[in-house]
Structure formats: C-alpha cells, structure tokens
>>> print(open('data_30.cif').read())   # mmCIF, N, CA and C atoms and all ligand atoms
data_protein
#
loop_
_atom_site.label_atom_id
_atom_site.label_comp_id
_atom_site.auth_asym_id
_atom_site.auth_seq_id
_atom_site.Cartn_x
_atom_site.Cartn_y
_atom_site.Cartn_z
N MET A 1 -16.68 7.93 -3.13
CA MET A 1 -17.70 7.52 -2.14
C MET A 1 -17.83 8.57 -1.05
N ALA A 2 -19.04 8.94 -0.77
CA ALA A 2 -19.30 10.09 0.10
C ALA A 2 -18.61 9.99 1.46
N GLU A 3 -18.73 8.84 2.12
CA GLU A 3 -18.25 8.75 3.49
C GLU A 3 -16.82 8.23 3.63
N CYS A 4 -16.18 7.90 2.52
CA CYS A 4 -14.83 7.32 2.58
C CYS A 4 -13.79 8.40 2.94
N ILE A 5 -12.99 8.12 3.98
CA ILE A 5 -12.01 9.10 4.47
C ILE A 5 -11.04 9.50 3.36
N PHE A 6 -10.55 8.52 2.61
CA PHE A 6 -9.54 8.85 1.60
C PHE A 6 -10.17 9.59 0.41
N CYS A 7 -11.44 9.29 0.07
CA CYS A 7 -12.14 10.08 -0.95
C CYS A 7 -12.28 11.53 -0.47
N LYS A 8 -12.55 11.71 0.82
CA LYS A 8 -12.67 13.07 1.36
C LYS A 8 -11.35 13.81 1.25
N ILE A 9 -10.26 13.09 1.53
CA ILE A 9 -8.93 13.72 1.40
C ILE A 9 -8.67 14.08 -0.06
N VAL A 10 -8.99 13.17 -0.97
CA VAL A 10 -8.79 13.44 -2.41
C VAL A 10 -9.60 14.66 -2.84
N ARG A 11 -10.83 14.79 -2.32
CA ARG A 11 -11.69 15.93 -2.70
C ARG A 11 -11.31 17.22 -1.97
N GLY A 12 -10.36 17.13 -1.04
CA GLY A 12 -9.95 18.32 -0.29
C GLY A 12 -10.89 18.66 0.85
N GLU A 13 -11.76 17.71 1.22
CA GLU A 13 -12.72 17.97 2.31
C GLU A 13 -12.14 17.62 3.67
N MET A 14 -11.02 16.90 3.66
CA MET A 14 -10.29 16.59 4.90
C MET A 14 -8.82 16.92 4.64
N PRO A 15 -8.12 17.41 5.67
CA PRO A 15 -6.72 17.80 5.43
C PRO A 15 -5.80 16.60 5.33
N CYS A 16 -4.68 16.81 4.68
CA CYS A 16 -3.62 15.81 4.68
C CYS A 16 -2.28 16.51 4.50
N PHE A 17 -1.21 15.81 4.82
CA PHE A 17 0.13 16.33 4.56
C PHE A 17 0.57 15.74 3.22
N LYS A 18 0.30 16.50 2.16
CA LYS A 18 0.51 15.99 0.80
C LYS A 18 1.98 15.95 0.42
N MET A 19 2.37 14.87 -0.24
CA MET A 19 3.74 14.75 -0.73
C MET A 19 3.81 14.80 -2.25
N TYR A 20 2.78 14.29 -2.90
CA TYR A 20 2.83 14.20 -4.37
C TYR A 20 1.42 13.94 -4.88
N GLU A 21 1.12 14.47 -6.06
CA GLU A 21 -0.12 14.05 -6.74
C GLU A 21 0.05 14.16 -8.24
N ASN A 22 -0.69 13.37 -8.97
CA ASN A 22 -0.82 13.52 -10.42
C ASN A 22 -2.28 13.22 -10.77
N GLU A 23 -2.54 13.01 -12.05
CA GLU A 23 -3.93 12.81 -12.49
C GLU A 23 -4.60 11.63 -11.77
N TYR A 24 -3.82 10.61 -11.46
CA TYR A 24 -4.39 9.36 -10.94
C TYR A 24 -4.25 9.14 -9.44
N VAL A 25 -3.20 9.70 -8.84
CA VAL A 25 -2.88 9.32 -7.46
C VAL A 25 -2.61 10.52 -6.58
N LEU A 26 -2.73 10.27 -5.27
CA LEU A 26 -2.35 11.25 -4.26
C LEU A 26 -1.52 10.51 -3.22
N ALA A 27 -0.41 11.13 -2.81
CA ALA A 27 0.43 10.54 -1.76
C ALA A 27 0.48 11.51 -0.59
N PHE A 28 0.28 10.98 0.61
CA PHE A 28 0.27 11.84 1.80
C PHE A 28 0.77 11.04 2.99
N ALA A 29 1.07 11.79 4.08
CA ALA A 29 1.63 11.16 5.27
C ALA A 29 0.56 10.40 6.05
N ASP A 30 0.92 9.21 6.51
CA ASP A 30 0.04 8.46 7.42
C ASP A 30 0.05 9.16 8.77
N ILE A 31 -1.14 9.38 9.34
CA ILE A 31 -1.19 10.13 10.61
C ILE A 31 -0.97 9.23 11.83
N ASN A 32 -0.82 7.93 11.61
CA ASN A 32 -0.42 7.02 12.70
C ASN A 32 0.85 6.31 12.23
N PRO A 33 1.94 7.06 12.08
CA PRO A 33 3.10 6.47 11.38
C PRO A 33 3.76 5.34 12.16
N ILE A 34 4.10 4.28 11.44
CA ILE A 34 4.88 3.19 12.04
C ILE A 34 6.31 3.68 12.23
N SER A 35 6.76 4.53 11.30
CA SER A 35 8.09 5.11 11.42
C SER A 35 8.06 6.47 10.74
N LYS A 36 9.09 7.27 10.96
CA LYS A 36 9.18 8.58 10.32
C LYS A 36 9.07 8.41 8.80
N GLY A 37 8.24 9.22 8.18
CA GLY A 37 8.15 9.18 6.72
C GLY A 37 7.12 8.18 6.18
N HIS A 38 6.37 7.54 7.07
CA HIS A 38 5.34 6.57 6.63
C HIS A 38 4.37 7.28 5.68
N THR A 39 4.30 6.77 4.46
CA THR A 39 3.58 7.43 3.36
C THR A 39 2.48 6.52 2.83
N LEU A 40 1.36 7.12 2.45
CA LEU A 40 0.29 6.36 1.79
C LEU A 40 0.12 6.88 0.37
N ILE A 41 -0.05 5.98 -0.57
CA ILE A 41 -0.37 6.38 -1.94
C ILE A 41 -1.73 5.80 -2.28
N VAL A 42 -2.65 6.66 -2.68
CA VAL A 42 -4.02 6.21 -2.96
C VAL A 42 -4.41 6.60 -4.39
N PRO A 43 -5.26 5.78 -5.03
CA PRO A 43 -5.82 6.21 -6.31
C PRO A 43 -6.85 7.32 -6.04
N LYS A 44 -6.96 8.27 -6.98
CA LYS A 44 -7.95 9.34 -6.78
C LYS A 44 -9.37 8.81 -6.92
N LYS A 45 -9.54 7.76 -7.73
CA LYS A 45 -10.86 7.11 -7.82
C LYS A 45 -11.00 6.12 -6.69
N HIS A 46 -12.23 5.90 -6.25
CA HIS A 46 -12.45 4.94 -5.16
C HIS A 46 -12.46 3.50 -5.68
N PHE A 47 -11.50 2.72 -5.21
CA PHE A 47 -11.49 1.26 -5.39
C PHE A 47 -11.23 0.69 -4.02
N GLU A 48 -11.94 -0.38 -3.67
CA GLU A 48 -11.77 -0.91 -2.33
C GLU A 48 -10.43 -1.62 -2.15
N SER A 49 -10.04 -2.40 -3.14
CA SER A 49 -8.87 -3.25 -2.92
C SER A 49 -8.27 -3.66 -4.26
N LEU A 50 -7.26 -4.52 -4.17
CA LEU A 50 -6.59 -5.06 -5.36
C LEU A 50 -7.57 -5.81 -6.26
N TRP A 51 -8.67 -6.28 -5.67
CA TRP A 51 -9.65 -7.01 -6.47
C TRP A 51 -10.49 -6.09 -7.37
N GLU A 52 -10.51 -4.81 -7.05
CA GLU A 52 -11.35 -3.88 -7.84
C GLU A 52 -10.54 -2.89 -8.67
N ILE A 53 -9.34 -2.54 -8.22
CA ILE A 53 -8.62 -1.44 -8.87
C ILE A 53 -8.33 -1.75 -10.34
N GLN A 54 -8.43 -0.71 -11.19
CA GLN A 54 -8.24 -0.87 -12.63
C GLN A 54 -6.76 -0.72 -13.00
N ASP A 55 -6.43 -1.27 -14.16
CA ASP A 55 -5.02 -1.32 -14.59
C ASP A 55 -4.31 0.03 -14.52
N GLU A 56 -4.90 1.05 -15.10
CA GLU A 56 -4.15 2.32 -15.20
C GLU A 56 -3.96 2.96 -13.83
N ASP A 57 -4.92 2.76 -12.94
CA ASP A 57 -4.80 3.31 -11.59
C ASP A 57 -3.73 2.54 -10.79
N LEU A 58 -3.73 1.23 -10.97
CA LEU A 58 -2.73 0.39 -10.28
C LEU A 58 -1.32 0.71 -10.79
N SER A 59 -1.20 0.86 -12.10
CA SER A 59 0.11 1.20 -12.67
C SER A 59 0.58 2.54 -12.10
N ALA A 60 -0.34 3.50 -12.06
CA ALA A 60 0.02 4.83 -11.58
C ALA A 60 0.49 4.78 -10.12
N ILE A 61 -0.15 3.94 -9.31
CA ILE A 61 0.25 3.80 -7.90
C ILE A 61 1.70 3.30 -7.84
N HIS A 62 2.01 2.31 -8.64
CA HIS A 62 3.35 1.71 -8.53
C HIS A 62 4.43 2.60 -9.14
N LEU A 63 4.07 3.35 -10.17
CA LEU A 63 5.05 4.31 -10.70
C LEU A 63 5.29 5.42 -9.67
N ALA A 64 4.23 5.86 -9.02
CA ALA A 64 4.39 6.89 -7.98
C ALA A 64 5.18 6.35 -6.81
N SER A 65 5.03 5.05 -6.51
CA SER A 65 5.77 4.48 -5.37
C SER A 65 7.28 4.56 -5.62
N ARG A 66 7.67 4.38 -6.88
CA ARG A 66 9.11 4.47 -7.19
C ARG A 66 9.59 5.92 -7.04
N LYS A 67 8.78 6.85 -7.51
CA LYS A 67 9.12 8.28 -7.38
C LYS A 67 9.29 8.63 -5.89
N LEU A 68 8.34 8.19 -5.08
CA LEU A 68 8.38 8.51 -3.65
C LEU A 68 9.50 7.76 -2.94
N ALA A 69 9.77 6.55 -3.40
CA ALA A 69 10.88 5.79 -2.80
C ALA A 69 12.20 6.55 -2.99
N HIS A 70 12.38 7.14 -4.18
CA HIS A 70 13.59 7.94 -4.40
C HIS A 70 13.60 9.16 -3.49
N ALA A 71 12.44 9.81 -3.37
CA ALA A 71 12.36 11.02 -2.54
C ALA A 71 12.64 10.67 -1.07
N ILE A 72 12.11 9.53 -0.63
CA ILE A 72 12.33 9.10 0.77
C ILE A 72 13.80 8.78 0.98
N ARG A 73 14.40 8.09 0.02
CA ARG A 73 15.82 7.74 0.18
C ARG A 73 16.68 9.01 0.24
N GLU A 74 16.35 9.97 -0.63
CA GLU A 74 17.15 11.19 -0.66
C GLU A 74 16.96 12.03 0.60
N SER A 75 15.73 12.12 1.08
CA SER A 75 15.45 13.04 2.20
C SER A 75 15.70 12.41 3.57
N LEU A 76 15.46 11.12 3.72
CA LEU A 76 15.55 10.51 5.06
C LEU A 76 16.70 9.53 5.21
N LYS A 77 17.32 9.13 4.12
CA LYS A 77 18.43 8.17 4.15
C LYS A 77 18.09 6.92 5.00
N PRO A 78 16.99 6.25 4.68
CA PRO A 78 16.60 5.07 5.48
C PRO A 78 17.55 3.89 5.21
N LEU A 79 17.49 2.92 6.11
CA LEU A 79 18.26 1.69 5.91
C LEU A 79 17.58 0.82 4.86
N GLY A 80 16.28 0.99 4.72
CA GLY A 80 15.49 0.21 3.75
C GLY A 80 14.09 0.80 3.69
N LEU A 81 13.27 0.21 2.86
CA LEU A 81 11.91 0.73 2.68
C LEU A 81 10.97 -0.46 2.46
N ALA A 82 9.92 -0.55 3.28
CA ALA A 82 8.93 -1.62 3.10
C ALA A 82 7.71 -1.07 2.38
N ALA A 83 7.19 -1.83 1.42
CA ALA A 83 5.93 -1.48 0.76
C ALA A 83 4.91 -2.51 1.21
N LEU A 84 3.79 -2.02 1.72
CA LEU A 84 2.79 -2.93 2.30
C LEU A 84 1.41 -2.53 1.78
N GLN A 85 0.62 -3.53 1.44
CA GLN A 85 -0.70 -3.24 0.88
C GLN A 85 -1.65 -4.34 1.35
N LEU A 86 -2.70 -3.95 2.07
CA LEU A 86 -3.60 -4.93 2.69
C LEU A 86 -4.94 -4.94 1.95
N ASN A 87 -5.51 -6.14 1.80
CA ASN A 87 -6.77 -6.31 1.08
C ASN A 87 -7.77 -7.08 1.92
N GLY A 88 -8.84 -6.40 2.31
CA GLY A 88 -9.91 -7.07 3.04
C GLY A 88 -9.70 -7.03 4.54
N LYS A 89 -10.83 -7.11 5.26
CA LYS A 89 -10.77 -7.05 6.73
C LYS A 89 -9.97 -8.22 7.29
N GLY A 90 -10.01 -9.35 6.58
CA GLY A 90 -9.26 -10.53 7.02
C GLY A 90 -7.76 -10.31 6.99
N ALA A 91 -7.31 -9.31 6.23
CA ALA A 91 -5.87 -8.97 6.18
C ALA A 91 -5.61 -7.68 6.96
N ASN A 92 -6.59 -7.29 7.79
CA ASN A 92 -6.49 -6.08 8.62
C ASN A 92 -6.52 -4.78 7.83
N GLN A 93 -7.14 -4.79 6.65
CA GLN A 93 -7.37 -3.51 5.97
C GLN A 93 -8.41 -2.74 6.78
N VAL A 94 -8.07 -1.51 7.14
CA VAL A 94 -8.96 -0.71 7.99
C VAL A 94 -9.69 0.35 7.15
N VAL A 95 -8.96 1.03 6.28
CA VAL A 95 -9.61 2.01 5.40
C VAL A 95 -9.88 1.31 4.07
N MET A 96 -11.16 1.23 3.71
CA MET A 96 -11.55 0.39 2.58
C MET A 96 -11.48 1.17 1.26
N HIS A 97 -10.39 1.86 1.08
CA HIS A 97 -10.06 2.55 -0.19
C HIS A 97 -8.62 2.15 -0.45
N TYR A 98 -8.37 1.51 -1.59
CA TYR A 98 -7.04 0.96 -1.90
C TYR A 98 -5.94 1.93 -1.51
N HIS A 99 -4.89 1.43 -0.86
CA HIS A 99 -3.73 2.28 -0.56
C HIS A 99 -2.49 1.41 -0.41
N LEU A 100 -1.38 2.00 -0.82
CA LEU A 100 -0.08 1.35 -0.67
C LEU A 100 0.69 2.12 0.40
N HIS A 101 1.17 1.38 1.41
CA HIS A 101 2.00 2.00 2.46
C HIS A 101 3.46 1.96 2.00
N LEU A 102 4.18 3.05 2.19
CA LEU A 102 5.65 3.03 2.07
C LEU A 102 6.18 3.34 3.46
N ILE A 103 6.92 2.39 4.00
CA ILE A 103 7.36 2.50 5.40
C ILE A 103 8.88 2.50 5.45
N PRO A 104 9.48 3.68 5.64
CA PRO A 104 10.94 3.74 5.73
C PRO A 104 11.41 2.98 6.96
N ARG A 105 12.49 2.22 6.81
CA ARG A 105 13.08 1.51 7.95
C ARG A 105 14.32 2.30 8.36
N LEU A 106 14.16 2.99 9.49
CA LEU A 106 15.24 3.83 9.99
C LEU A 106 15.82 3.17 11.23
N GLY A 107 17.02 3.53 11.60
CA GLY A 107 17.59 3.00 12.83
C GLY A 107 16.64 3.31 13.98
N GLY A 108 16.34 2.31 14.82
CA GLY A 108 15.46 2.54 15.97
C GLY A 108 13.99 2.41 15.65
N SER A 109 13.61 2.17 14.38
CA SER A 109 12.18 1.96 14.07
C SER A 109 11.68 0.73 14.80
N PRO A 110 10.41 0.72 15.22
CA PRO A 110 9.86 -0.51 15.80
C PRO A 110 9.89 -1.64 14.77
N SER A 111 9.92 -2.88 15.26
CA SER A 111 10.01 -3.99 14.32
C SER A 111 8.75 -4.08 13.46
N LEU A 112 8.90 -4.65 12.30
CA LEU A 112 7.76 -4.91 11.40
C LEU A 112 7.63 -6.42 11.33
N PRO A 113 6.84 -7.03 12.22
CA PRO A 113 6.80 -8.49 12.32
C PRO A 113 6.52 -9.17 10.98
N MET A 114 5.71 -8.51 10.15
CA MET A 114 5.35 -9.09 8.85
C MET A 114 6.59 -9.36 7.99
N THR A 115 7.67 -8.63 8.25
CA THR A 115 8.87 -8.78 7.41
C THR A 115 9.87 -9.75 8.03
N GLU A 116 9.50 -10.33 9.18
CA GLU A 116 10.50 -11.11 9.92
C GLU A 116 10.05 -12.54 10.17
N TRP A 117 9.28 -13.11 9.23
CA TRP A 117 8.80 -14.47 9.48
C TRP A 117 9.96 -15.45 9.41
N GLU A 118 9.77 -16.54 10.17
CA GLU A 118 10.80 -17.58 10.25
C GLU A 118 10.75 -18.43 8.97
N PHE A 119 11.90 -18.74 8.39
CA PHE A 119 11.93 -19.61 7.21
C PHE A 119 11.86 -21.06 7.67
N LYS A 120 10.67 -21.65 7.54
CA LYS A 120 10.50 -23.07 7.89
C LYS A 120 10.01 -23.77 6.63
N PRO A 121 10.79 -24.69 6.08
CA PRO A 121 10.37 -25.34 4.83
C PRO A 121 8.97 -25.94 4.95
N GLY A 122 8.15 -25.68 3.92
CA GLY A 122 6.79 -26.23 3.91
C GLY A 122 6.78 -27.60 3.25
N ASN A 123 5.62 -28.21 3.28
CA ASN A 123 5.44 -29.51 2.64
C ASN A 123 5.34 -29.28 1.12
N ARG A 124 6.31 -29.86 0.39
CA ARG A 124 6.39 -29.59 -1.07
C ARG A 124 5.14 -30.02 -1.82
N ASP A 125 4.55 -31.16 -1.41
CA ASP A 125 3.34 -31.63 -2.11
C ASP A 125 2.19 -30.64 -1.91
N ALA A 126 2.08 -30.17 -0.68
CA ALA A 126 1.00 -29.21 -0.39
C ALA A 126 1.25 -27.90 -1.13
N ILE A 127 2.52 -27.47 -1.19
CA ILE A 127 2.86 -26.22 -1.89
C ILE A 127 2.52 -26.36 -3.37
N ARG A 128 2.91 -27.51 -3.96
CA ARG A 128 2.64 -27.75 -5.39
C ARG A 128 1.14 -27.75 -5.67
N GLU A 129 0.41 -28.45 -4.81
CA GLU A 129 -1.04 -28.57 -5.01
C GLU A 129 -1.71 -27.19 -4.98
N THR A 130 -1.29 -26.36 -4.02
CA THR A 130 -1.89 -25.02 -3.91
C THR A 130 -1.48 -24.16 -5.10
N ALA A 131 -0.20 -24.24 -5.49
CA ALA A 131 0.27 -23.45 -6.64
C ALA A 131 -0.51 -23.84 -7.89
N GLN A 132 -0.75 -25.14 -8.06
CA GLN A 132 -1.50 -25.61 -9.25
C GLN A 132 -2.94 -25.11 -9.21
N LYS A 133 -3.51 -25.09 -8.02
CA LYS A 133 -4.90 -24.64 -7.86
C LYS A 133 -5.01 -23.17 -8.27
N ILE A 134 -4.04 -22.36 -7.79
CA ILE A 134 -4.05 -20.93 -8.13
C ILE A 134 -3.78 -20.76 -9.63
N ALA A 135 -2.78 -21.49 -10.13
CA ALA A 135 -2.42 -21.35 -11.55
C ALA A 135 -3.63 -21.66 -12.44
N ALA A 136 -4.41 -22.66 -12.05
CA ALA A 136 -5.58 -23.05 -12.85
C ALA A 136 -6.66 -21.96 -12.83
N ALA A 137 -6.60 -21.10 -11.82
CA ALA A 137 -7.64 -20.06 -11.70
C ALA A 137 -7.22 -18.73 -12.32
N VAL A 138 -5.95 -18.66 -12.80
CA VAL A 138 -5.48 -17.40 -13.38
C VAL A 138 -6.22 -17.13 -14.68
N LYS A 139 -6.76 -15.90 -14.81
CA LYS A 139 -7.52 -15.54 -16.03
C LYS A 139 -6.73 -14.57 -16.88
P1 LIG A 201 -4.81 -0.22 6.56
O1 LIG A 201 -6.21 -0.03 6.01
O2 LIG A 201 -4.78 -1.13 7.74
O3 LIG A 201 -3.81 -0.62 5.51
O4 LIG A 201 -4.30 1.17 7.11
C1 LIG A 201 -5.01 2.36 7.06
C2 LIG A 201 -4.01 3.45 7.34
O5 LIG A 201 -4.63 4.70 7.12
C3 LIG A 201 -3.51 3.46 8.78
O6 LIG A 201 -2.08 3.36 8.77
C4 LIG A 201 -3.99 4.81 9.32
O7 LIG A 201 -3.07 5.39 10.20
C5 LIG A 201 -4.14 5.62 8.06
N1 LIG A 201 -5.08 6.72 8.15
C6 LIG A 201 -6.36 6.65 8.57
N2 LIG A 201 -6.94 7.88 8.49
C7 LIG A 201 -6.00 8.72 8.00
C8 LIG A 201 -5.97 10.10 7.68
N3 LIG A 201 -7.05 10.88 7.87
N4 LIG A 201 -4.83 10.65 7.21
C9 LIG A 201 -3.74 9.87 7.03
N5 LIG A 201 -3.69 8.55 7.30
C10 LIG A 201 -4.81 7.98 7.79
ZN ZN A 202 -12.67 6.20 -1.21
#
>>> encode(input="data_30.cif", output="structure tokens", more="lines below")
Ligand code: AMP
Ligand code: ZN
Amino acid sequence: MAECIFCKIVRGEMPCFKMYENEYVLAFADINPISKGHTLIVPKKHFESLWEIQDEDLSAIHLASRKLAHAIRESLKPLGLAALQLNGKGANQVVMHYHLHLIPRLGGSPSLPMTEWEFKPGNRDAIRETAQKIAAAVK
C-alpha cells in the first residue's frame, strides 16, 4: 500500500534498524521502544490484521519470532519476553499493517499493564455461553 509506513520500510523508502529478513518477513527496531530491544516483525505483503493475513505469512512471522526470541535472549539476557499483537483501532492498533511486537522484559523496564491483570474468577455460566458462541462460529 502506497501510504503505509511499514510498506515503505519494506520497500526501502523509509529507514529502519533491521534485525532480520527473509522472503516473507522483516524485523526491525520499534522507534518508540517500551524497553531496550523492542522489536517489530512485519509481513512483507500488506495485511491489515489477523483477520486478513494469509497462512504462510502468519507462519513465517511466528517462526521468525522464535528466531528473534533466541537472538534477544542471547544478546540482552532479558528476564522474560512479551509478544504482543493488536488488531483494530478498538485494540489500539496504530499502524494498520500487521505486526508482532517482541518486548524484552529487562530489570527496570516500565510495567506492561496488559500482562498484570488481576485474577478474578468470572461467572462460569457466562464464560461457557461465550465459549460456545465462539466455538459455533469456528470455520
Ligand atoms: P501498534 O499499531 O499500536 O501495535 O504499534 C505500532 C508501533 O509501530 C508502535 O510501537 C510505534 O512505535 C511503531 N512505529 C511506528 N512507526 C515506526 C517506524 N517508522 N519505525 C519503527 N517503528 C515504528
Ligand atoms: Zn503496509
């Protein structure tokens, strides 16, 4: 897509700090890092979200995430690593080209509230009803 920032990076029309690429994916540093080593992995083809991305591109993203997770562990020795992927403006997706965030958790990193939700038991009937609704829609 002509105006998409990540398509421009893939085409080499905008700079990035590249970490890895293959036929399907490009991985580069996030320029607003949540923590040191914050990495983005994007498909080279434009897909907006998980709802559009094709099987082989999605597989390639996740295989690359494992490769980069090893590289991050070896180079930065993080305490842990969060993988985050947002779909749609309602989930705060800002760049509308599919991307997977890899966020190393290092000592002193700011908190990641999304990973710290309180465990409060839900209503089992409501949980069952919703699970059944989703299960019935699986294609
Ligand atoms: P989101 O769509 O909310 O999952 O996040 C978009 C991410 O893209 C943010 O973390 C931005 O910092 C990052 N970002 C936006 N523009 C660039 C760019 N030119 N190079 C690297 N990262 C970027
Ligand atoms: Zn794009």
>>> atom_distance(input="data_30.cif", atom1="atom ZN of ligand ZN 202 (chain A)", atom2="atom CA of Ala83 of chain A")
20.2 Å
>>> residues_near_ligand(input="data_30.cif", ligand="ligand LIG 201 (chain A)", cutoff="6 Å", atoms="only C-alpha atoms and all ligand atoms", output="list in words")
Cys16, Ala29, Asp30, Ile31, Asn32, Leu86, Asn92, Gln93, Val94 and Val95 of chain A
>>> residues_near_ligand(input="data_30.cif", ligand="ligand ZN 202 (chain A)", cutoff="5 Å", atoms="all atoms listed in the file", output="list in words")
Met1, Cys4, Phe6, Cys7, His46 and His97 of chain A
>>> closest_residue(input="data_30.cif", among="A:Pro121, A:Gly88, A:Pro113, A:Pro104", to="Pro33 of chain A", atoms="only C-alpha atoms")
A:Pro104
>>> closest_residue(input="data_30.cif", among="A:Gly80, A:Pro110, A:Gly37, A:Pro43", to="Val10 of chain A", atoms="only C-alpha atoms")
A:Pro43
>>> select_by_dssp(input="data_30.cif", residues="chain A", states="helix (DSSP H, G or I)", output="MDAnalysis selection string")
chainID A and resid 5:11 55:76 89:91 113:115 124:137
>>> atom_distance(input="data_30.cif", atom1="atom N of Arg11 of chain A", atom2="atom N of Lys44 of chain A")
8.9 Å
>>> atom_distance(input="data_30.cif", atom1="atom CA of Ser109 of chain A", atom2="atom CA of Met14 of chain A")
28.3 Å
>>> closest_residue(input="data_30.cif", among="A:Leu102, A:Met19, A:Ile61, A:Ala69", to="Thr39 of chain A", atoms="all atoms listed in the file")
A:Leu102
>>> select_by_dssp(input="data_30.cif", residues="chain A", states="strand (DSSP E or B)", output="list in words")
Lys18, Met19, Tyr20, Glu21, Val25, Leu26, Ala27, Phe28, Ala29, Thr39, Leu40, Ile41, Val42, Pro43, Gly80, Leu81, Ala82, Ala83, Leu84, Leu100, His101, Leu102, Ile103, Pro104 and Arg105 of chain A
>>> closest_residue(input="data_30.cif", among="A:His99, A:Lys133, A:Lys18, A:Arg124", to="Leu40 of chain A", atoms="only C-alpha atoms")
A:His99
>>> closest_residue(input="data_30.cif", among="A:Lys45, A:His70, A:Lys36, A:Lys120", to="Ile9 of chain A", atoms="only C-alpha atoms")
A:Lys45
>>> closest_residue(input="data_30.cif", among="A:Tyr20, A:Arg128, A:Tyr98, A:Glu13", to="Val42 of chain A", atoms="only N, CA and C atoms")
A:Tyr98
>>> decode(input="data_30.cif", residues="segment 79-92 of chain A", atoms="N, CA and C atoms", output="PDB file, in the first residue's frame")
ATOM      1  N   LEU A  79      14.871 -10.838  31.438  1.00  0.00           N
ATOM      2  CA  LEU A  79      14.221 -11.681  32.450  1.00  0.00           C
ATOM      3  C   LEU A  79      13.082 -12.465  31.809  1.00  0.00           C
ATOM      4  N   GLY A  80      12.537 -11.919  30.737  1.00  0.00           N
ATOM      5  CA  GLY A  80      11.428 -12.558  30.022  1.00  0.00           C
ATOM      6  C   GLY A  80      11.193 -11.805  28.725  1.00  0.00           C
ATOM      7  N   LEU A  81      10.222 -12.266  27.971  1.00  0.00           N
ATOM      8  CA  LEU A  81       9.941 -11.639  26.673  1.00  0.00           C
ATOM      9  C   LEU A  81       8.435 -11.676  26.441  1.00  0.00           C
ATOM     10  N   ALA A  82       7.840 -10.509  26.179  1.00  0.00           N
ATOM     11  CA  ALA A  82       6.402 -10.464  25.878  1.00  0.00           C
ATOM     12  C   ALA A  82       6.204 -10.356  24.372  1.00  0.00           C
ATOM     13  N   ALA A  83       5.246 -11.111  23.844  1.00  0.00           N
ATOM     14  CA  ALA A  83       4.853 -10.990  22.434  1.00  0.00           C
ATOM     15  C   ALA A  83       3.455 -10.384  22.427  1.00  0.00           C
ATOM     16  N   LEU A  84       3.305  -9.299  21.682  1.00  0.00           N
ATOM     17  CA  LEU A  84       2.038  -8.564  21.702  1.00  0.00           C
ATOM     18  C   LEU A  84       1.628  -8.247  20.265  1.00  0.00           C
ATOM     19  N   GLN A  85       0.350  -8.413  19.989  1.00  0.00           N
ATOM     20  CA  GLN A  85      -0.118  -8.181  18.619  1.00  0.00           C
ATOM     21  C   GLN A  85      -1.533  -7.618  18.703  1.00  0.00           C
ATOM     22  N   LEU A  86      -1.722  -6.413  18.174  1.00  0.00           N
ATOM     23  CA  LEU A  86      -3.001  -5.708  18.310  1.00  0.00           C
ATOM     24  C   LEU A  86      -3.745  -5.699  16.975  1.00  0.00           C
ATOM     25  N   ASN A  87      -5.064  -5.859  17.051  1.00  0.00           N
ATOM     26  CA  ASN A  87      -5.898  -5.918  15.850  1.00  0.00           C
ATOM     27  C   ASN A  87      -7.042  -4.926  15.941  1.00  0.00           C
ATOM     28  N   GLY A  88      -7.012  -3.920  15.085  1.00  0.00           N
ATOM     29  CA  GLY A  88      -8.113  -2.961  15.020  1.00  0.00           C
ATOM     30  C   GLY A  88      -7.911  -1.782  15.955  1.00  0.00           C
ATOM     31  N   LYS A  89      -8.536  -0.667  15.573  1.00  0.00           N
ATOM     32  CA  LYS A  89      -8.393   0.564  16.370  1.00  0.00           C
ATOM     33  C   LYS A  89      -8.942   0.365  17.780  1.00  0.00           C
ATOM     34  N   GLY A  90      -9.958  -0.495  17.893  1.00  0.00           N
ATOM     35  CA  GLY A  90     -10.548  -0.771  19.209  1.00  0.00           C
ATOM     36  C   GLY A  90      -9.579  -1.458  20.156  1.00  0.00           C
ATOM     37  N   ALA A  91      -8.520  -2.059  19.603  1.00  0.00           N
ATOM     38  CA  ALA A  91      -7.485  -2.701  20.436  1.00  0.00           C
ATOM     39  C   ALA A  91      -6.216  -1.839  20.446  1.00  0.00           C
ATOM     40  N   ASN A  92      -6.365  -0.577  20.011  1.00  0.00           N
ATOM     41  CA  ASN A  92      -5.249   0.377  19.965  1.00  0.00           C
ATOM     42  C   ASN A  92      -4.193   0.050  18.917  1.00  0.00           C
TER      43      ASN A  92
END
